[in-house]
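Just model-v3.cif here, mmCIF, C-alpha atoms:
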data_work
loop_
_atom_site.label_atom_id
_atom_site.label_comp_id
_atom_site.auth_asym_id
_atom_site.auth_seq_id
_atom_site.Cartn_x
_atom_site.Cartn_y
_atom_site.Cartn_z
CA MET M 1 1.38 101.91 39.22
CA ALA M 2 -2.35 101.21 39.08
CA ILE M 3 -3.18 97.49 39.17
CA LEU M 4 -6.92 98.19 38.90
CA THR M 5 -8.55 101.03 36.95
CA VAL M 6 -12.28 101.69 36.87
CA ASN M 7 -13.54 104.23 34.35
CA ASN M 8 -17.05 105.71 34.23
CA LEU M 9 -18.68 102.50 35.38
CA LYS M 10 -22.48 102.33 35.13
CA LYS M 11 -24.85 99.47 35.87
CA VAL M 12 -28.55 99.61 35.10
CA TYR M 13 -30.97 96.82 35.91
CA THR M 14 -34.33 96.60 34.16
CA THR M 15 -37.36 94.50 34.98
CA ARG M 16 -38.23 91.60 32.71
CA PHE M 17 -40.47 93.68 30.49
CA GLY M 18 -38.43 96.85 30.77
CA GLY M 19 -40.98 98.67 32.91
CA ASN M 20 -38.56 99.81 35.63
CA ARG M 21 -34.92 100.84 35.50
CA VAL M 22 -32.69 100.83 38.56
CA GLU M 23 -29.29 102.53 38.35
CA ALA M 24 -27.19 100.46 40.72
CA LEU M 25 -23.94 102.24 39.76
CA GLN M 26 -23.51 105.73 38.31
CA ASP M 27 -20.24 106.98 36.82
CA ILE M 28 -17.90 105.11 39.17
CA THR M 29 -14.28 106.07 38.56
CA PHE M 30 -11.27 105.19 40.70
CA SER M 31 -8.00 103.28 40.62
CA VAL M 32 -6.12 101.02 43.01
CA GLU M 33 -2.34 101.15 43.14
CA GLN M 34 -0.15 98.08 43.36
CA GLY M 35 0.19 97.15 47.05
CA GLU M 36 -2.76 99.21 48.32
CA PHE M 37 -5.30 97.94 50.84
CA VAL M 38 -8.56 99.63 49.90
CA ALA M 39 -11.83 99.33 51.81
CA ILE M 40 -15.18 100.18 50.20
CA MET M 41 -17.90 101.20 52.62
CA GLY M 42 -21.59 101.79 52.09
CA GLU M 43 -25.03 101.02 53.48
CA SER M 44 -27.09 98.10 52.20
CA GLY M 45 -28.31 98.93 48.70
CA SER M 46 -25.57 101.48 48.09
CA GLY M 47 -24.12 99.52 45.17
CA LYS M 48 -20.98 98.12 46.77
CA THR M 49 -21.90 94.46 46.12
CA THR M 50 -22.78 95.24 42.50
CA LEU M 51 -19.42 96.96 42.14
CA LEU M 52 -17.57 94.00 43.65
CA ASN M 53 -19.36 91.56 41.32
CA ILE M 54 -18.26 93.59 38.29
CA LEU M 55 -14.68 93.82 39.55
CA ALA M 56 -14.75 90.04 40.03
CA ALA M 57 -15.92 89.56 36.41
CA LEU M 58 -19.09 87.92 37.74
CA ASP M 59 -21.28 90.62 36.19
CA ALA M 60 -20.84 93.02 33.28
CA PRO M 61 -21.33 96.80 33.46
CA THR M 62 -23.91 98.57 31.33
CA SER M 63 -21.17 100.98 30.28
CA GLY M 64 -17.67 101.96 31.32
CA GLU M 65 -14.64 99.73 31.71
CA VAL M 66 -12.54 97.86 34.24
CA LEU M 67 -8.84 97.24 33.59
CA LEU M 68 -6.80 94.78 35.60
CA ASP M 69 -3.08 95.37 35.11
CA LYS M 70 -3.99 97.47 32.04
CA GLU M 71 -6.03 94.63 30.46
CA PRO M 72 -9.70 95.53 29.74
CA MET M 73 -11.78 92.84 31.43
CA GLY M 74 -14.64 93.52 29.04
CA ASN M 75 -12.56 92.14 26.17
CA ILE M 76 -12.16 88.71 27.74
CA PRO M 77 -14.32 86.07 25.97
CA GLU M 78 -17.02 84.52 28.14
CA LYS M 79 -15.49 81.05 27.88
CA GLN M 80 -12.18 82.37 29.24
CA LEU M 81 -13.57 84.30 32.23
CA ALA M 82 -13.38 81.41 34.71
CA ALA M 83 -9.70 80.86 33.91
CA PHE M 84 -9.05 84.62 34.07
CA ARG M 85 -10.59 84.84 37.55
CA ARG M 86 -8.67 81.79 38.74
CA ASP M 87 -5.33 83.09 37.44
CA ASN M 88 -5.65 86.75 38.45
CA LEU M 89 -8.12 87.16 41.30
CA GLY M 90 -8.38 85.78 44.82
CA PHE M 91 -11.72 85.73 46.65
CA VAL M 92 -12.58 85.77 50.35
CA PHE M 93 -16.27 85.57 51.27
CA GLN M 94 -18.23 86.13 54.47
CA ASP M 95 -19.42 82.51 54.58
CA PHE M 96 -16.00 80.98 53.78
CA ASN M 97 -17.25 78.84 50.83
CA LEU M 98 -15.10 75.88 51.86
CA LEU M 99 -16.06 72.36 50.72
CA ASP M 100 -16.89 70.19 53.75
CA THR M 101 -15.93 66.97 51.94
CA PHE M 102 -12.41 68.32 51.30
CA SER M 103 -9.70 68.68 53.91
CA ILE M 104 -8.37 72.16 54.62
CA ARG M 105 -5.28 71.27 52.58
CA ASP M 106 -7.40 70.17 49.60
CA ASN M 107 -9.57 73.28 49.84
CA ILE M 108 -6.48 75.47 49.67
CA CYS M 109 -5.07 73.48 46.73
CA LEU M 110 -8.31 73.59 44.74
CA PRO M 111 -7.40 76.61 42.52
CA LEU M 112 -4.09 74.96 41.66
CA VAL M 113 -5.77 71.65 40.86
CA LEU M 114 -8.29 73.38 38.61
CA ALA M 115 -5.50 75.22 36.81
CA GLY M 116 -3.79 71.87 36.14
CA LYS M 117 -0.33 73.41 35.90
CA MET M 118 1.42 71.96 38.98
CA SER M 119 2.46 68.61 40.37
CA HIS M 120 1.40 67.56 43.87
CA GLN M 121 4.92 68.27 45.09
CA GLU M 122 4.83 71.79 43.66
CA MET M 123 1.44 72.38 45.30
CA ALA M 124 2.83 71.29 48.65
CA LEU M 125 5.69 73.75 48.27
CA ARG M 126 3.09 76.50 47.80
CA VAL M 127 0.71 75.43 50.57
CA GLU M 128 3.06 74.61 53.45
CA PRO M 129 4.76 78.03 53.85
CA LEU M 130 1.47 79.83 53.28
CA ALA M 131 -0.21 77.74 55.98
CA GLN M 132 2.65 78.49 58.37
CA LYS M 133 2.35 82.21 57.70
CA LEU M 134 -1.42 82.17 58.31
CA GLY M 135 -1.20 79.99 61.42
CA ILE M 136 -3.15 77.02 60.05
CA ALA M 137 -0.37 74.45 59.48
CA ALA M 138 -1.71 72.28 62.32
CA ILE M 139 -5.18 71.94 60.79
CA LEU M 140 -4.33 71.17 57.16
CA ASP M 141 -5.56 67.58 57.43
CA LYS M 142 -8.76 68.49 59.26
CA TYR M 143 -12.09 69.23 57.60
CA PRO M 144 -13.94 72.56 57.70
CA TYR M 145 -16.56 71.25 60.14
CA GLU M 146 -13.77 70.38 62.58
CA VAL M 147 -12.25 73.87 62.89
CA SER M 148 -13.32 77.27 64.22
CA GLY M 149 -14.78 80.13 62.20
CA GLY M 150 -11.53 82.06 62.41
CA GLU M 151 -9.56 79.05 61.19
CA LYS M 152 -12.02 78.57 58.34
CA GLN M 153 -11.58 82.17 57.24
CA ARG M 154 -7.79 81.99 57.42
CA SER M 155 -8.02 78.82 55.33
CA ALA M 156 -10.17 80.71 52.84
CA VAL M 157 -7.53 83.46 52.71
CA ALA M 158 -4.88 80.81 52.02
CA ARG M 159 -6.99 79.41 49.17
CA ALA M 160 -7.39 82.94 47.77
CA LEU M 161 -3.63 83.58 47.89
CA VAL M 162 -2.20 80.22 46.84
CA ALA M 163 -2.18 80.99 43.11
CA GLY M 164 -0.52 84.39 43.61
CA PRO M 165 -3.40 86.65 42.50
CA LYS M 166 -2.84 90.17 41.23
CA LEU M 167 -5.81 91.35 43.31
CA LEU M 168 -7.44 89.93 46.44
CA LEU M 169 -11.17 90.71 46.68
CA ALA M 170 -12.81 90.35 50.09
CA ASP M 171 -16.58 90.59 50.60
CA GLU M 172 -17.42 91.31 54.27
CA PRO M 173 -14.67 88.85 55.32
CA THR M 174 -15.28 89.32 59.07
CA GLY M 175 -19.08 89.22 58.92
CA ALA M 176 -19.35 85.69 60.34
CA LEU M 177 -16.53 86.02 62.90
CA ASP M 178 -16.44 86.87 66.58
CA SER M 179 -14.35 89.75 67.89
CA LYS M 180 -11.22 87.70 68.59
CA SER M 181 -11.29 85.98 65.19
CA THR M 182 -11.92 89.33 63.50
CA ASP M 183 -8.80 90.81 65.10
CA SER M 184 -6.78 87.77 64.04
CA LEU M 185 -7.99 87.95 60.43
CA LEU M 186 -7.33 91.69 60.19
CA ARG M 187 -3.75 91.14 61.34
CA VAL M 188 -3.40 88.47 58.65
CA LEU M 189 -4.70 90.82 55.95
CA GLU M 190 -2.39 93.60 57.13
CA ASP M 191 0.60 91.24 57.07
CA VAL M 192 -0.29 89.99 53.59
CA ASN M 193 -0.68 93.57 52.38
CA ARG M 194 2.68 94.60 53.86
CA GLN M 195 4.26 91.83 51.80
CA GLY M 196 2.92 93.45 48.64
CA GLN M 197 -0.51 91.90 48.07
CA THR M 198 -3.09 94.34 46.71
CA ILE M 199 -6.43 94.03 48.54
CA LEU M 200 -9.86 95.48 47.83
CA MET M 201 -12.37 94.80 50.59
CA VAL M 202 -16.08 95.57 50.89
CA THR M 203 -17.26 96.14 54.46
CA HIS M 204 -19.89 98.00 56.45
CA SER M 205 -17.72 97.93 59.60
CA ILE M 206 -15.79 101.05 60.60
CA ARG M 207 -13.55 98.89 62.75
CA VAL M 208 -12.62 96.67 59.81
CA ALA M 209 -12.20 99.57 57.38
CA SER M 210 -9.82 101.30 59.78
CA HIS M 211 -7.19 98.66 58.96
CA ALA M 212 -7.06 99.69 55.28
CA THR M 213 -4.72 102.22 53.71
CA ARG M 214 -7.59 103.99 51.93
CA VAL M 215 -11.36 104.03 52.38
CA LEU M 216 -13.85 104.73 49.57
CA PHE M 217 -17.43 105.61 50.48
CA ILE M 218 -20.21 104.64 48.08
CA ARG M 219 -23.77 105.96 48.31
CA ASP M 220 -26.66 105.63 45.84
CA GLY M 221 -24.34 104.06 43.30
CA ARG M 222 -21.72 106.81 43.44
CA ILE M 223 -18.39 107.24 45.18
CA PHE M 224 -18.82 110.44 47.17
CA HIS M 225 -15.80 110.55 49.47
CA GLN M 226 -12.48 108.90 50.24
CA ILE M 227 -10.04 108.91 53.13
CA TYR M 228 -6.33 108.14 52.99
CA ARG M 229 -4.62 106.65 56.03
CA GLY M 230 -1.42 108.65 55.66
CA ASP M 231 0.35 108.41 59.01
CA LYS M 232 -2.84 107.79 61.01
CA LYS M 233 -2.95 104.94 63.49
CA ASP M 234 -5.91 102.53 63.35
CA ARG M 235 -7.75 104.36 66.13
CA ASP M 236 -7.27 107.73 64.44
CA LEU M 237 -8.48 106.41 61.08
CA TYR M 238 -11.44 104.84 62.89
CA GLN M 239 -12.42 108.24 64.29
CA THR M 240 -11.96 109.93 60.90
CA ILE M 241 -14.24 107.36 59.25
CA MET M 242 -16.81 107.74 62.02
CA ASP M 243 -16.78 111.53 61.65
CA ALA M 244 -17.22 111.24 57.89
CA GLN M 245 -20.17 108.89 58.26
CA GLY M 246 -21.71 111.10 60.92
CA ALA M 247 -21.48 114.16 58.69
CA VAL M 248 -23.25 112.30 55.87
CA LEU M 249 -26.00 110.99 58.10
CA ASN M 250 -26.59 114.48 59.49
CA GLY M 251 -26.73 116.03 56.05
CA GLY M 252 -23.51 117.97 56.39
CA ALA M 253 -20.50 118.19 54.12
CA VAL M 254 -17.69 115.70 54.58
CA GLN M 255 -14.37 117.36 55.39
#
Translate the structure described by the file into structure tokens.
Amino acid sequence: MAILTVNNLKKVYTTRFGGNRVEALQDITFSVEQGEFVAIMGESGSGKTTLLNILAALDAPTSGEVLLDKEPMGNIPEKQLAAFRRDNLGFVFQDFNLLDTFSIRDNICLPLVLAGKMSHQEMALRVEPLAQKLGIAAILDKYPYEVSGGEKQRSAVARALVAGPKLLLADEPTGALDSKSTDSLLRVLEDVNRQGQTILMVTHSIRVASHATRVLFIRDGRIFHQIYRGDKKDRDLYQTIMDAQGAVLNGGAVQ
């Protein structure tokens, strides 16, 4: 069953006085099944960030529609969008976006506090097992400036997951991490996905994309190719992605 459906999405930006029009997205159509781990790849300026912003209900398309669990996001009143994002979407960013004046525990709890639907005891019952699973139980009472980049990102993943989102959106989640921390985070995302969490991740890294179950390629505002993992191992998917990118760069057809 599709948890996310994107139909004929178009985004046009115009200058202040309407002199120039830039088509950031052109007729984007795809769906994401429940439990998929989808990576979106593209060069800078390809439209992948614009697409992610629309999927996150942070921007509105010029035309087309986005449905999350069959609900058209375009029908949600502006005043309800913040609550909709908090209740349905989890976000992981390249720069972590943790609050330095909050402990790791409080950062993770923040979506639950903002929702105002749980007691402190109920929040603890959510946070503790999640922290154990992500390997950050020992740092819950520390502050972001006291922990490593990898620990910050795993804390950010915990914050994104604590409310049980329908869809986890990740924007270049390994961009600020070293190689060891990147490997650790990718294992975390794979484990979370195996437990049923649907993930959509934007990345420019072939290595990172090779951990997904499907890869969508976006260029000049259009999706022009996709690769399914099937029974491929990470290294085999890596090579398939590299071959596809090479064919595009050399002007050939993608197989």
Residues in the PyMOL selection byres ((chain M and resi 229) around 9), expressed as a ChimeraX atom specification: /M:210-215,227-228,230-234,236-237
Report as an MDAnalysis selection string all protein, DNA and RNA residues lying within 7 Å of stretch 195-203 of chain M, evaluated on all atoms listed in the file, omitting residues in the same chain fewer than 6 positions from it. chainID M and resid 34:41 48 166:172 209
Could you pull the residues within 12 Å of M:Asn107, counting only C-alpha atoms, minus those fewer than 2 positions along the same chain, as an NGL selection string? :M and (96-105 or 109-114 or 123 or 127 or 139-144 or 152-160 or 162)
Which residues, written as a PyMOL selection string, have at least one atom at most 8 Å from M:Ala176, with all atoms listed in the file counted and residues fewer than 4 positions away on the same chain left out? chain M and resi 94-95+149
Let me make sure I understand: among M:Ile223, M:Pro165, M:Ser119, M:Asn20, which one has the smallest atom-to-atom distance to M:Arg86 if we use only C-alpha atoms?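 Looking only at the distances to M:Arg86, the closest residue turns out to be M:Pro165.
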Between M:Gln245, M:Pro77, M:Lys70, M:Ala82, which is the closest to M:Ala56 once you count all atoms listed in the file?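 Of the candidates, the smallest distance to M:Ala56 is held by M:Ala82.
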Is it possible to get the axis-aligned box enclosing stretch 38-41 of chain M (all listed atoms, 4 Å extra per side) as AutoDock Vina command-line options, with centre and edge lengths in Å rounded to one decimal?
--center_x -13.2 --center_y 100.3 --center_z 51.3 --size_x 17.3 --size_y 9.9 --size_z 10.7
Suppose you want the space between atom CA of M:Leu186 and atom CA of M:Thr174; what is it in Å? 8.4 Å
By how many Å are atom CA of M:Leu58 and atom CA of M:Gly116 apart? 22.2 Å
Apply the PyMOL selection byres ((chain M and resi 225) around 10) to the displayed file and report the matching residues as a list in words.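 Evaluating the PyMOL selection byres ((chain M and resi 225) around 10) on this file yields Val215, Leu216, Phe217, Ile218, Arg219, Arg222, Ile223, Phe224, Gln226, Ile227, Ala244, Gln245, Val248, Val254 and Gln255 of chain M.
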Report as an mmCIF file with C-alpha atoms, keeping the file's coordinate frame the full result of the PyMOL selection byres ((chain M and resi 51) around 9) when it is applied to this structure.
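Final output, part-v9.cif:
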data_model
loop_
_atom_site.group_PDB
_atom_site.id
_atom_site.type_symbol
_atom_site.label_atom_id
_atom_site.label_comp_id
_atom_site.auth_asym_id
_atom_site.auth_seq_id
_atom_site.Cartn_x
_atom_site.Cartn_y
_atom_site.Cartn_z
ATOM 1 C CA LEU M 9 -18.680 102.500 35.380
ATOM 2 C CA LYS M 11 -24.850 99.470 35.870
ATOM 3 C CA ALA M 24 -27.190 100.460 40.720
ATOM 4 C CA LEU M 25 -23.940 102.240 39.760
ATOM 5 C CA ILE M 28 -17.900 105.110 39.170
ATOM 6 C CA GLY M 47 -24.120 99.520 45.170
ATOM 7 C CA LYS M 48 -20.980 98.120 46.770
ATOM 8 C CA THR M 49 -21.900 94.460 46.120
ATOM 9 C CA THR M 50 -22.780 95.240 42.500
ATOM 10 C CA LEU M 52 -17.570 94.000 43.650
ATOM 11 C CA ASN M 53 -19.360 91.560 41.320
ATOM 12 C CA ILE M 54 -18.260 93.590 38.290
ATOM 13 C CA LEU M 55 -14.680 93.820 39.550
ATOM 14 C CA ALA M 56 -14.750 90.040 40.030
ATOM 15 C CA ASP M 59 -21.280 90.620 36.190
ATOM 16 C CA PRO M 61 -21.330 96.800 33.460
ATOM 17 C CA GLY M 221 -24.340 104.060 43.300
#
Expected residue set, 12 Å radius at (-24.4, 99.9, 63.3), all atoms listed in the file, as a PyMOL selection string: chain M and resi 42-44+203-207+242+245-246
Atom CA of M:Lys133 and atom CA of M:Val147, how far apart in Å?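 Atom CA of M:Lys133 lies 17.6 Å from atom CA of M:Val147.
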Would you please work out which residue, of M:Asp243, M:Glu151, M:Glu65, M:Asp220, is nearest to M:Ala137 when using all atoms listed in the file? M:Glu151
Give me, as a tab-separated table (two decimals) with C-alpha atoms, in the coordinates of the input, all polymer residues having an atom no more than 12 Å from M:Pro72, counting all atoms listed in the file and skipping those fewer than 4 positions away in the same chain.
chain	number	residue	atom	x	y	z
M	3	ILE	CA	-3.18	97.49	39.17
M	4	LEU	CA	-6.92	98.19	38.90
M	5	THR	CA	-8.55	101.03	36.95
M	6	VAL	CA	-12.28	101.69	36.87
M	7	ASN	CA	-13.54	104.23	34.35
M	55	LEU	CA	-14.68	93.82	39.55
M	57	ALA	CA	-15.92	89.56	36.41
M	60	ALA	CA	-20.84	93.02	33.28
M	64	GLY	CA	-17.67	101.96	31.32
M	65	GLU	CA	-14.64	99.73	31.71
M	66	VAL	CA	-12.54	97.86	34.24
M	67	LEU	CA	-8.84	97.24	33.59
M	68	LEU	CA	-6.80	94.78	35.60
M	76	ILE	CA	-12.16	88.71	27.74
M	77	PRO	CA	-14.32	86.07	25.97
M	84	PHE	CA	-9.05	84.62	34.07
